[in-house]
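Trainee: Next up is a structure, given as structure tokens.
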Number of protein chains: 2
Amino acid sequence: MNRFIFQADSLRNFVEEMFSSFGIPQADCKLAADVLAYSDEHGIDSHGVARLITYYELLKLGRINCKPHLKIVREKGSVATVDGDNGLGLIIGPKCNEIAMDKAELHGSGWVSVCNTNHYGAAGYYPWKALERDLIGLSLTNTTKGVAPFGGREKMLGTNPIAIAFPAGEEPPMIIDMATSAVAYGKVEIAYRRQRSMPLRWCMDQNGVLTSNPEEMIHGGALLPLGSDSDGSGHKGYCLAAMVDVLSAVLSGANWGPFAIPFAIQLGIQPERQVGKGIGHFFGAWDVSGFQDLDVFKRSMDDWIRTMRKTAPLEGTKEVLIPGDPERLAYQARTTKGIPLDELVWENICKISRETGIPLPSEHSH
Amino acid sequence: MNRFIFQADSLRNFVEEMFSSFGIPQADCKLAADVLAYSDEHGIDSHGVARLITYYELLKLGRINCKPHLKIVREKGSVATVDGDNGLGLIIGPKCNEIAMDKAELHGSGWVSVCNTNHYGAAGYYPWKALERDLIGLSLTNTTKGVAPFGGREKMLGTNPIAIAFPAGEEPPMIIDMATSAVAYGKVEIAYRRQRSMPLRWCMDQNGVLTSNPEEMIHGGALLPLGSDSDGSGHKGYCLAAMVDVLSAVLSGANWGPFAIPFAIQLGIQPERQVGKGIGHFFGAWDVSGFQDLDVFKRSMDDWIRTMRKTAPLEGTKEVLIPGDPERLAYQARTTKGIPLDELVWENICKISRETGIPLPSEHSH
């Protein structure tokens, strides 16, 4: 597959203008572009401009409210529930994360559960933003069903990610961003496109039998929860997915479990019933200085990180990584050498450019 | 192995008297006995009276402060750090959990990071207590090193559990309590005692090679993180263990990672250096009614639970369980039919009885 290389800023501008062409206020377009750019610049290719075409089509179909009035529907000190008024998750997400961070600075911690929202990009973006304010940030979201609960053989839960970030001092921060399924659905799609077989612990077919054939998962099968099966403690991945679903969607009054609204229009079979509004997110922040002197904490984090890196590595492994290392290395490469896009992603960008008249982003100069 | 059956109350009294024999105040003895009884009554055999001998020996050696003055060393609204004054985790834990719950009722959420404490029993006890107050409860703790970080081949982290509980209405509550390793160390010990081989995804030997031989793990090997290896996304279990370690121990100023103080005296090789005080716990609570009408939430939880139970089951599986089901069934059986103890556990109880003069607990009448 051909790869095209683009300047980070140029892609960011294109995204902003695309959202702007639907009459979304400029400041909101900047926010949304920032969320997508986080993924492209950090090597999380599944969650950046690769998804622009889906947002674009949802907007064209009028499925998203371009001028949402975000409303705090319930509040008590450090916690609140927000109704996202069916706005873009890429806009509702950052605003609700901000509310959680403001609460953390005021009350020591802040927690916002959100209903009536849509796909919010990479979960890791939100705690990464909290680092700017020396907070520990957390974000969760429920997503379209794709994962079988432990003991079951049908999709009932999303890949429901957990993201959390901890500031450090001289060392780079620790940033965790992980789906609670054995793998993300994107990895199954990649195996399918490349006609490769998958490890036997990722998926089941429509009969609940483990399969290494991506096609058998895609046609009526399901992803396995983290841990996969009983030998690997697959019930634990199910527990984590359940926790994310409840905090994001049951608590806020969004659609939970199998009723979460599908993001991609192609997968657009609507759930049989609605049990709430939109999908749900959950944002949190803790003020480090409410627990510990900030400098002491950062020095301890540095020590923790250096200690863990010194672990004797497995044969064939260079060193033990710290959560966030792979994304940080990608960031260093991509902000200097440009962002590579797959042919299919580039074709979709060309389509948007043709239809809207927005000039194509510039290729990176070599 | 022979099994002896005992009345729940009679075991609880024995435990209370054992702690009392060291001059621990009566109310604290009751608390500690309540934490251990939770495990025995809920079928979590590894964390109940099976560990009484270790607490007993630690107390005999004067390693535990019998009259700790728990001190809030830092505080800001919804968050605080507590120094447990080297008290029993079974006493410090419930008191700090109480502080988190009180804060939740006042500020919408409450968070307490704890240093200078010891083993606190089953993590699930604490969120289970929060259910009495209609709160969502959470507890984490770091533990003695036993798990290799992903990519490494030596023990650097504990089995660092995550426990969280959600109240429901007519349905029983959802209670999650899971180690962030592929399995708990107790399962390796059981395989060792029974001379059974283990699934290949639980452990590595001292060279970092996966092994199904429990002896090879016990002699210099390590547990794998949840997800096990790269095919199963073992980096995710490592991320979760890191998160628990930082929130419990780095944040509070306890010993983190490989420096966590060993609980069992038999494993009592002291870490090469101390980086803080004792081990660390982390307690949290959210006030449901700060986010959502409590009755609406409970009805939604009932709906969630019923929906998940109706998932088409895997062949050979009766139905999809809800987190907490196995423990609830054990509770129903054990509070009516008595608590079965292994011969070794019973021998240790007899030893304590001989040495202290406390009468043995009564066997269950058949």
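Please note that chains go A, B, ... in the order of the structure tokens, that every chain numbers its residues from 1, and that ligands are numbered from 1 in the order shown.
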Onto chain B, please fit chain A by least squares using all C-alpha atoms in order, then return the transformed chain as a short mmCIF file (atom, residue, chain, number, x, y, z; two decimals) with C-alpha atoms, in the first residue's frame.
Mentor:
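File written: part_4.cif
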data_model
loop_
_atom_site.label_atom_id
_atom_site.label_comp_id
_atom_site.auth_asym_id
_atom_site.auth_seq_id
_atom_site.Cartn_x
_atom_site.Cartn_y
_atom_site.Cartn_z
CA MET A 1 -6.91 -32.71 51.78
CA ASN A 2 -9.41 -32.83 54.67
CA ARG A 3 -11.83 -29.95 55.06
CA PHE A 4 -13.28 -28.76 58.37
CA ILE A 5 -16.49 -26.77 58.50
CA PHE A 6 -16.94 -23.86 60.91
CA GLN A 7 -19.65 -21.43 61.87
CA ALA A 8 -19.05 -17.99 60.42
CA ASP A 9 -19.67 -16.17 63.73
CA SER A 10 -17.50 -18.50 65.67
CA LEU A 11 -14.55 -17.88 63.32
CA ARG A 12 -15.17 -14.17 63.51
CA ASN A 13 -15.02 -14.26 67.32
CA PHE A 14 -11.80 -16.22 67.28
CA VAL A 15 -10.20 -13.66 64.97
CA GLU A 16 -11.37 -10.78 67.16
CA GLU A 17 -9.94 -12.36 70.27
CA MET A 18 -6.65 -13.10 68.57
CA PHE A 19 -6.19 -9.42 67.67
CA SER A 20 -7.42 -8.39 71.12
CA SER A 21 -4.77 -10.57 72.79
CA PHE A 22 -2.15 -8.12 71.47
CA GLY A 23 -3.84 -5.18 73.18
CA ILE A 24 -5.47 -3.85 70.00
CA PRO A 25 -8.55 -1.77 70.99
CA GLN A 26 -11.82 -3.73 70.80
CA ALA A 27 -13.46 -1.62 68.09
CA ASP A 28 -10.37 -2.07 65.89
CA CYS A 29 -10.41 -5.84 66.47
CA LYS A 30 -14.02 -5.90 65.26
CA LEU A 31 -13.04 -4.00 62.12
CA ALA A 32 -10.15 -6.33 61.33
CA ALA A 33 -12.32 -9.42 61.94
CA ASP A 34 -14.98 -7.98 59.65
CA VAL A 35 -12.49 -7.59 56.80
CA LEU A 36 -11.23 -11.17 57.11
CA ALA A 37 -14.79 -12.53 57.53
CA TYR A 38 -15.75 -10.85 54.24
CA SER A 39 -13.27 -13.09 52.43
CA ASP A 40 -14.17 -16.32 54.24
CA GLU A 41 -17.89 -15.74 53.87
CA HIS A 42 -17.58 -14.82 50.17
CA GLY A 43 -15.40 -17.77 49.17
CA ILE A 44 -12.18 -15.76 48.74
CA ASP A 45 -10.22 -18.39 50.67
CA SER A 46 -6.81 -16.88 50.01
CA HIS A 47 -7.57 -13.66 51.89
CA GLY A 48 -9.45 -14.71 55.05
CA VAL A 49 -8.37 -16.72 58.10
CA ALA A 50 -5.89 -18.50 55.82
CA ARG A 51 -3.76 -15.43 56.44
CA LEU A 52 -4.41 -15.17 60.16
CA ILE A 53 -1.15 -16.91 61.04
CA THR A 54 0.81 -14.27 59.13
CA TYR A 55 -0.88 -11.37 60.92
CA TYR A 56 -0.34 -13.24 64.18
CA GLU A 57 3.37 -13.71 63.56
CA LEU A 58 3.87 -10.14 62.43
CA LEU A 59 2.19 -8.98 65.66
CA LYS A 60 4.30 -11.37 67.77
CA LEU A 61 7.46 -9.98 66.19
CA GLY A 62 6.32 -6.46 66.99
CA ARG A 63 6.39 -5.46 63.31
CA ILE A 64 2.94 -3.86 63.48
CA ASN A 65 1.86 -0.87 65.55
CA CYS A 66 -1.13 -2.09 67.64
CA LYS A 67 -2.32 1.41 68.54
CA PRO A 68 -1.70 3.49 65.43
CA HIS A 69 -2.58 7.17 65.27
CA LEU A 70 -3.85 7.57 61.76
CA LYS A 71 -2.97 11.05 60.50
CA ILE A 72 -4.22 13.09 57.56
CA VAL A 73 -0.94 14.55 56.32
CA ARG A 74 -2.35 16.53 53.41
CA GLU A 75 -5.87 17.38 52.29
CA LYS A 76 -7.77 19.42 49.73
CA GLY A 77 -11.56 19.19 49.49
CA SER A 78 -12.35 15.78 48.05
CA VAL A 79 -8.83 14.33 48.39
CA ALA A 80 -6.40 13.48 51.20
CA THR A 81 -3.27 11.52 52.04
CA VAL A 82 -3.20 9.50 55.25
CA ASP A 83 -0.20 8.13 57.13
CA GLY A 84 -1.31 4.79 58.65
CA ASP A 85 1.35 4.90 61.40
CA ASN A 86 2.34 1.29 60.57
CA GLY A 87 -1.00 -0.05 61.79
CA LEU A 88 -2.65 -3.24 60.54
CA GLY A 89 -3.96 -2.74 57.00
CA LEU A 90 -7.15 -4.45 58.21
CA ILE A 91 -7.73 -1.47 60.52
CA ILE A 92 -6.16 1.39 58.57
CA GLY A 93 -7.99 0.27 55.41
CA PRO A 94 -11.57 0.51 56.75
CA LYS A 95 -10.85 3.85 58.45
CA CYS A 96 -9.40 5.42 55.32
CA ASN A 97 -12.25 4.00 53.23
CA GLU A 98 -14.61 5.74 55.68
CA ILE A 99 -12.81 9.05 55.11
CA ALA A 100 -13.22 8.64 51.35
CA MET A 101 -16.94 7.85 51.76
CA ASP A 102 -17.52 10.82 54.08
CA LYS A 103 -15.83 13.08 51.55
CA ALA A 104 -18.02 11.65 48.78
CA GLU A 105 -21.16 12.56 50.68
CA LEU A 106 -19.83 16.07 51.26
CA HIS A 107 -18.05 16.83 47.95
CA GLY A 108 -19.64 14.38 45.50
CA SER A 109 -16.51 12.21 45.50
CA GLY A 110 -13.75 11.31 47.96
CA TRP A 111 -10.19 10.00 47.44
CA VAL A 112 -7.67 8.85 50.03
CA SER A 113 -4.14 7.70 49.24
CA VAL A 114 -2.50 5.90 52.18
CA CYS A 115 1.13 5.26 53.10
CA ASN A 116 2.74 3.49 56.06
CA THR A 117 0.23 0.65 56.07
CA ASN A 118 0.26 -3.14 55.63
CA HIS A 119 -1.74 -5.84 53.86
CA TYR A 120 -5.43 -4.84 53.94
CA GLY A 121 -7.23 -8.13 53.09
CA ALA A 122 -9.43 -8.53 50.02
CA ALA A 123 -9.67 -5.36 47.95
CA GLY A 124 -13.37 -6.03 47.31
CA TYR A 125 -14.31 -5.50 50.96
CA TYR A 126 -13.97 -1.73 50.68
CA PRO A 127 -16.26 -0.95 47.72
CA TRP A 128 -18.69 -3.54 49.16
CA LYS A 129 -18.92 -1.36 52.28
CA ALA A 130 -19.62 1.68 50.12
CA LEU A 131 -22.77 -0.01 48.81
CA GLU A 132 -24.36 0.38 52.26
CA ARG A 133 -24.28 4.12 51.63
CA ASP A 134 -25.40 3.92 47.98
CA LEU A 135 -21.98 5.06 46.83
CA ILE A 136 -19.84 3.70 44.01
CA GLY A 137 -16.75 2.50 45.89
CA LEU A 138 -13.23 1.83 44.62
CA SER A 139 -10.12 0.42 46.22
CA LEU A 140 -6.61 -0.29 45.00
CA THR A 141 -3.49 -1.44 46.79
CA ASN A 142 0.06 -2.23 45.85
CA THR A 143 1.53 -5.52 47.08
CA THR A 144 4.85 -7.34 47.28
CA LYS A 145 6.58 -7.78 43.93
CA GLY A 146 5.57 -10.92 42.03
CA VAL A 147 4.81 -9.77 38.50
CA ALA A 148 7.18 -8.98 35.61
CA PRO A 149 6.42 -5.81 33.66
CA PHE A 150 5.65 -6.48 29.98
CA GLY A 151 8.95 -7.01 28.18
CA GLY A 152 10.82 -7.83 31.39
CA ARG A 153 11.86 -11.03 33.10
CA GLU A 154 12.00 -10.13 36.77
CA LYS A 155 9.46 -9.32 39.44
CA MET A 156 8.97 -5.56 39.69
CA LEU A 157 5.29 -5.06 40.54
CA GLY A 158 2.69 -6.67 42.79
CA THR A 159 -0.54 -8.33 41.74
CA ASN A 160 -1.98 -4.84 42.47
CA PRO A 161 -5.76 -5.40 42.50
CA ILE A 162 -8.55 -3.14 41.29
CA ALA A 163 -11.90 -3.37 43.10
CA ILE A 164 -15.00 -1.33 42.31
CA ALA A 165 -18.67 -1.81 43.17
CA PHE A 166 -21.89 -0.34 41.78
CA PRO A 167 -25.22 -0.39 43.61
CA ALA A 168 -28.24 -1.88 41.84
CA GLY A 169 -31.96 -1.93 42.67
CA GLU A 170 -33.77 -5.27 42.65
CA GLU A 171 -30.74 -7.08 41.26
CA PRO A 172 -27.68 -7.77 43.42
CA PRO A 173 -24.95 -5.12 43.10
CA MET A 174 -22.03 -5.45 40.67
CA ILE A 175 -18.80 -6.05 42.57
CA ILE A 176 -15.49 -6.24 40.68
CA ASP A 177 -12.34 -7.43 42.46
CA MET A 178 -9.46 -8.49 40.23
CA ALA A 179 -5.69 -8.76 40.38
CA THR A 180 -4.00 -7.01 37.46
CA SER A 181 -1.79 -10.08 36.91
CA ALA A 182 -2.91 -12.98 34.69
CA VAL A 183 -3.69 -14.86 37.91
CA ALA A 184 -3.24 -14.40 41.65
CA TYR A 185 -0.16 -15.97 43.22
CA GLY A 186 -2.47 -18.19 45.29
CA LYS A 187 -3.41 -20.15 42.15
CA VAL A 188 0.25 -20.96 41.50
CA GLU A 189 0.62 -22.18 45.10
CA ILE A 190 -2.43 -24.42 44.72
CA ALA A 191 -1.04 -25.95 41.50
CA TYR A 192 2.28 -26.49 43.30
CA ARG A 193 0.70 -28.23 46.30
CA ARG A 194 -1.40 -30.45 44.05
CA GLN A 195 1.53 -31.06 41.66
CA ARG A 196 -0.53 -29.92 38.70
CA SER A 197 0.68 -28.09 35.63
CA MET A 198 -0.64 -24.61 34.94
CA PRO A 199 -1.84 -22.94 31.72
CA LEU A 200 1.18 -21.61 29.85
CA ARG A 201 -0.04 -18.04 30.11
CA TRP A 202 0.29 -17.51 33.85
CA CYS A 203 4.01 -17.51 34.59
CA MET A 204 7.57 -17.29 33.36
CA ASP A 205 10.64 -19.05 34.76
CA GLN A 206 13.79 -17.29 35.95
CA ASN A 207 14.97 -16.88 32.35
CA GLY A 208 11.77 -15.25 31.21
CA VAL A 209 10.54 -18.34 29.37
CA LEU A 210 6.84 -19.21 29.71
CA THR A 211 6.37 -22.21 31.98
CA SER A 212 3.51 -24.46 33.06
CA ASN A 213 5.51 -25.78 36.02
CA PRO A 214 4.56 -23.95 39.23
CA GLU A 215 7.91 -24.79 40.81
CA GLU A 216 9.75 -22.87 38.10
CA MET A 217 7.72 -19.76 38.85
CA ILE A 218 8.17 -20.07 42.60
CA HIS A 219 11.95 -20.44 42.32
CA GLY A 220 12.98 -17.20 40.72
CA GLY A 221 10.28 -16.85 38.08
CA ALA A 222 7.47 -14.30 37.90
CA LEU A 223 3.74 -13.98 37.27
CA LEU A 224 2.69 -12.50 33.93
CA PRO A 225 0.58 -9.34 33.75
CA LEU A 226 -3.08 -9.66 32.67
CA GLY A 227 -3.01 -10.38 28.92
CA SER A 228 0.15 -12.46 29.43
CA ASP A 229 2.25 -11.86 26.31
CA SER A 230 2.27 -9.77 23.14
CA ASP A 231 -0.42 -11.89 21.43
CA GLY A 232 -2.73 -11.31 24.40
CA SER A 233 -1.80 -7.63 24.94
CA GLY A 234 0.19 -8.24 28.13
CA HIS A 235 1.26 -4.60 28.05
CA LYS A 236 -2.26 -3.72 29.21
CA GLY A 237 -1.98 -5.69 32.45
CA TYR A 238 1.36 -3.95 33.02
CA CYS A 239 -0.32 -0.56 32.46
CA LEU A 240 -3.02 -1.37 35.02
CA ALA A 241 -0.50 -2.59 37.61
CA ALA A 242 1.52 0.59 37.07
CA MET A 243 -1.59 2.75 37.54
CA VAL A 244 -2.44 1.00 40.82
CA ASP A 245 1.13 1.31 42.06
CA VAL A 246 1.33 5.03 41.36
CA LEU A 247 -2.06 5.94 42.86
CA SER A 248 -1.49 3.79 45.96
CA ALA A 249 2.17 4.26 46.67
CA VAL A 250 3.90 6.99 44.63
CA LEU A 251 1.10 9.46 45.41
CA SER A 252 0.99 8.68 49.14
CA GLY A 253 4.73 8.32 49.76
CA ALA A 254 4.72 4.54 50.36
CA ASN A 255 7.17 1.99 48.98
CA TRP A 256 6.36 1.39 45.32
CA GLY A 257 7.19 -1.23 42.71
CA PRO A 258 9.90 -3.69 43.71
CA PHE A 259 10.40 -1.91 47.04
CA ALA A 260 6.96 -2.75 48.48
CA ILE A 261 7.44 -4.46 51.87
CA PRO A 262 6.72 -8.22 51.72
CA PHE A 263 3.64 -9.27 53.68
CA ALA A 264 4.43 -12.88 54.50
CA ILE A 265 7.36 -13.39 56.84
CA GLN A 266 8.33 -16.56 54.99
CA LEU A 267 8.89 -14.43 51.88
CA GLY A 268 10.53 -11.92 54.11
CA ILE A 269 13.60 -10.86 52.15
CA GLN A 270 13.56 -7.12 52.63
CA PRO A 271 13.84 -4.99 49.48
CA GLU A 272 17.27 -3.49 48.81
CA ARG A 273 16.11 0.01 49.65
CA GLN A 274 13.09 1.82 51.01
CA VAL A 275 11.62 4.59 48.91
CA GLY A 276 8.76 5.44 51.27
CA LYS A 277 6.81 4.21 54.30
CA GLY A 278 5.07 0.79 54.36
CA ILE A 279 2.94 -0.16 51.39
CA GLY A 280 0.17 1.98 49.86
CA HIS A 281 -3.60 1.83 49.38
CA PHE A 282 -5.98 4.05 47.44
CA PHE A 283 -9.67 4.43 48.30
CA GLY A 284 -12.35 6.24 46.36
CA ALA A 285 -16.07 6.83 46.37
CA TRP A 286 -18.50 8.66 44.10
CA ASP A 287 -21.92 9.81 45.25
CA VAL A 288 -24.29 8.41 42.63
CA SER A 289 -26.86 11.10 43.41
CA GLY A 290 -24.33 13.78 42.44
CA PHE A 291 -24.55 12.47 38.86
CA GLN A 292 -28.01 10.97 38.52
CA ASP A 293 -31.25 10.39 40.40
CA LEU A 294 -30.40 7.38 42.57
CA ASP A 295 -33.54 5.41 41.68
CA VAL A 296 -33.06 6.00 37.98
CA PHE A 297 -29.47 4.79 38.28
CA LYS A 298 -30.51 1.65 40.17
CA ARG A 299 -33.22 0.83 37.65
CA SER A 300 -30.71 1.27 34.80
CA MET A 301 -28.26 -1.01 36.62
CA ASP A 302 -31.00 -3.65 36.95
CA ASP A 303 -31.66 -3.33 33.22
CA TRP A 304 -27.93 -3.54 32.43
CA ILE A 305 -27.55 -6.67 34.56
CA ARG A 306 -30.59 -8.43 33.08
CA THR A 307 -29.53 -7.53 29.55
CA MET A 308 -26.02 -8.91 30.08
CA ARG A 309 -27.33 -12.15 31.63
CA LYS A 310 -29.41 -12.73 28.47
CA THR A 311 -26.29 -12.83 26.25
CA ALA A 312 -26.21 -16.05 24.18
CA PRO A 313 -23.77 -18.18 26.19
CA LEU A 314 -20.74 -20.09 24.95
CA GLU A 315 -21.30 -23.80 24.48
CA GLY A 316 -20.89 -25.47 27.87
CA THR A 317 -21.60 -22.23 29.73
CA LYS A 318 -24.93 -21.86 31.51
CA GLU A 319 -25.13 -18.09 31.42
CA VAL A 320 -23.03 -14.96 31.38
CA LEU A 321 -22.30 -13.94 34.97
CA ILE A 322 -22.27 -10.47 36.47
CA PRO A 323 -19.14 -9.46 38.41
CA GLY A 324 -19.78 -10.47 42.04
CA ASP A 325 -22.03 -13.46 41.24
CA PRO A 326 -19.57 -16.19 42.32
CA GLU A 327 -18.88 -14.47 45.66
CA ARG A 328 -22.59 -13.92 46.31
CA LEU A 329 -23.37 -17.58 45.74
CA ALA A 330 -20.55 -18.56 48.09
CA TYR A 331 -21.94 -16.15 50.70
CA GLN A 332 -25.39 -17.76 50.55
CA ALA A 333 -23.87 -21.20 51.04
CA ARG A 334 -21.34 -20.36 53.69
CA THR A 335 -23.51 -18.27 55.99
CA THR A 336 -26.01 -21.15 56.15
CA LYS A 337 -23.81 -24.23 55.76
CA GLY A 338 -20.62 -23.01 57.42
CA ILE A 339 -17.13 -22.17 56.21
CA PRO A 340 -14.82 -24.97 55.05
CA LEU A 341 -11.15 -24.64 56.01
CA ASP A 342 -8.14 -26.52 54.66
CA GLU A 343 -6.22 -28.74 57.04
CA LEU A 344 -3.22 -26.43 56.99
CA VAL A 345 -5.33 -23.39 57.87
CA TRP A 346 -6.96 -25.33 60.69
CA GLU A 347 -3.57 -26.41 62.06
CA ASN A 348 -2.49 -22.78 62.16
CA ILE A 349 -5.65 -21.84 64.05
CA CYS A 350 -4.95 -24.65 66.54
CA LYS A 351 -1.42 -23.30 67.00
CA ILE A 352 -2.71 -19.79 67.72
CA SER A 353 -5.27 -21.26 70.16
CA ARG A 354 -2.58 -23.25 71.98
CA GLU A 355 -0.24 -20.28 72.27
CA THR A 356 -2.84 -17.69 73.29
CA GLY A 357 -5.34 -19.81 75.22
CA ILE A 358 -8.21 -18.55 73.03
CA PRO A 359 -10.82 -21.37 72.71
CA LEU A 360 -11.04 -22.96 69.27
CA PRO A 361 -13.95 -21.89 67.03
CA SER A 362 -16.92 -24.29 66.96
CA GLU A 363 -17.54 -26.68 64.13
CA HIS A 364 -20.72 -26.23 62.18
CA SER A 365 -23.58 -28.46 63.37
CA HIS A 366 -24.81 -30.72 60.59
#
Trainee: When DSSP is applied to the backbone of this structure, which of segment 170-324 of chain A are assigned helix (DSSP H, G or I)? Write them out as a PyMOL selection string.
Mentor: chain A and resi 185-193+214-218+234-250+257-259+265-267+288-291+294-309
Trainee: Mind writing the picked residues with C-alpha atoms as a CSV table (one decimal), in the first residue's frame?
Mentor:
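New file result03.csv:
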chain,number,residue,atom,x,y,z
A,185,TYR,CA,-11.1,-3.7,16.2
A,186,GLY,CA,-8.6,-1.8,13.9
A,187,LYS,CA,-6.1,-4.7,14.3
A,188,VAL,CA,-8.7,-7.2,13.0
A,189,GLU,CA,-9.4,-4.9,10.0
A,190,ILE,CA,-5.7,-4.6,9.2
A,191,ALA,CA,-5.3,-8.5,9.3
A,192,TYR,CA,-8.4,-8.7,7.0
A,193,ARG,CA,-7.0,-6.2,4.5
A,214,PRO,CA,-10.4,-12.1,10.6
A,215,GLU,CA,-13.2,-12.7,8.2
A,216,GLU,CA,-15.0,-15.0,10.7
A,217,MET,CA,-14.9,-12.3,13.3
A,218,ILE,CA,-16.1,-9.6,11.0
A,234,GLY,CA,-10.8,-13.2,30.3
A,235,HIS,CA,-13.4,-12.4,33.0
A,236,LYS,CA,-11.1,-9.5,34.0
A,237,GLY,CA,-11.3,-7.7,30.7
A,238,TYR,CA,-15.1,-8.2,30.9
A,239,CYS,CA,-15.1,-6.6,34.4
A,240,LEU,CA,-13.1,-3.6,33.1
A,241,ALA,CA,-15.4,-3.1,30.1
A,242,ALA,CA,-18.4,-3.3,32.4
A,243,MET,CA,-16.9,-0.7,34.7
A,244,VAL,CA,-16.2,1.7,31.8
A,245,ASP,CA,-19.7,1.2,30.4
A,246,VAL,CA,-21.4,1.9,33.7
A,247,LEU,CA,-19.3,5.0,34.6
A,248,SER,CA,-19.7,6.5,31.1
A,249,ALA,CA,-23.2,5.6,30.1
A,250,VAL,CA,-25.4,4.2,32.9
A,257,GLY,CA,-23.9,-2.0,26.4
A,258,PRO,CA,-25.3,-3.3,23.2
A,259,PHE,CA,-27.5,-0.2,22.7
A,265,ILE,CA,-22.3,4.8,9.1
A,266,GLN,CA,-21.2,1.7,7.3
A,267,LEU,CA,-21.8,-0.3,10.5
A,288,VAL,CA,-1.6,15.9,42.7
A,289,SER,CA,-0.8,18.7,45.1
A,290,GLY,CA,-3.9,17.8,47.1
A,291,PHE,CA,-2.2,14.5,48.0
A,294,LEU,CA,4.1,18.3,43.5
A,295,ASP,CA,7.9,18.3,43.2
A,296,VAL,CA,8.2,15.3,45.5
A,297,PHE,CA,5.7,13.4,43.4
A,298,LYS,CA,7.5,14.3,40.2
A,299,ARG,CA,10.8,13.2,41.5
A,300,SER,CA,9.3,9.9,42.7
A,301,MET,CA,7.7,9.4,39.3
A,302,ASP,CA,11.2,9.9,37.7
A,303,ASP,CA,12.6,7.3,40.1
A,304,TRP,CA,9.7,4.9,39.3
A,305,ILE,CA,10.3,5.3,35.6
A,306,ARG,CA,14.0,4.8,35.8
A,307,THR,CA,13.7,1.8,38.1
A,308,MET,CA,11.2,0.1,35.7
A,309,ARG,CA,13.4,0.7,32.7
Trainee: Could you give me the residues within segment 266-321 of chain A that DSSP places in strand (DSSP E or B), as JSON, numbers by chain?
Mentor: {"A": [279, 280, 281, 282, 283, 284, 285, 286, 287, 313]}
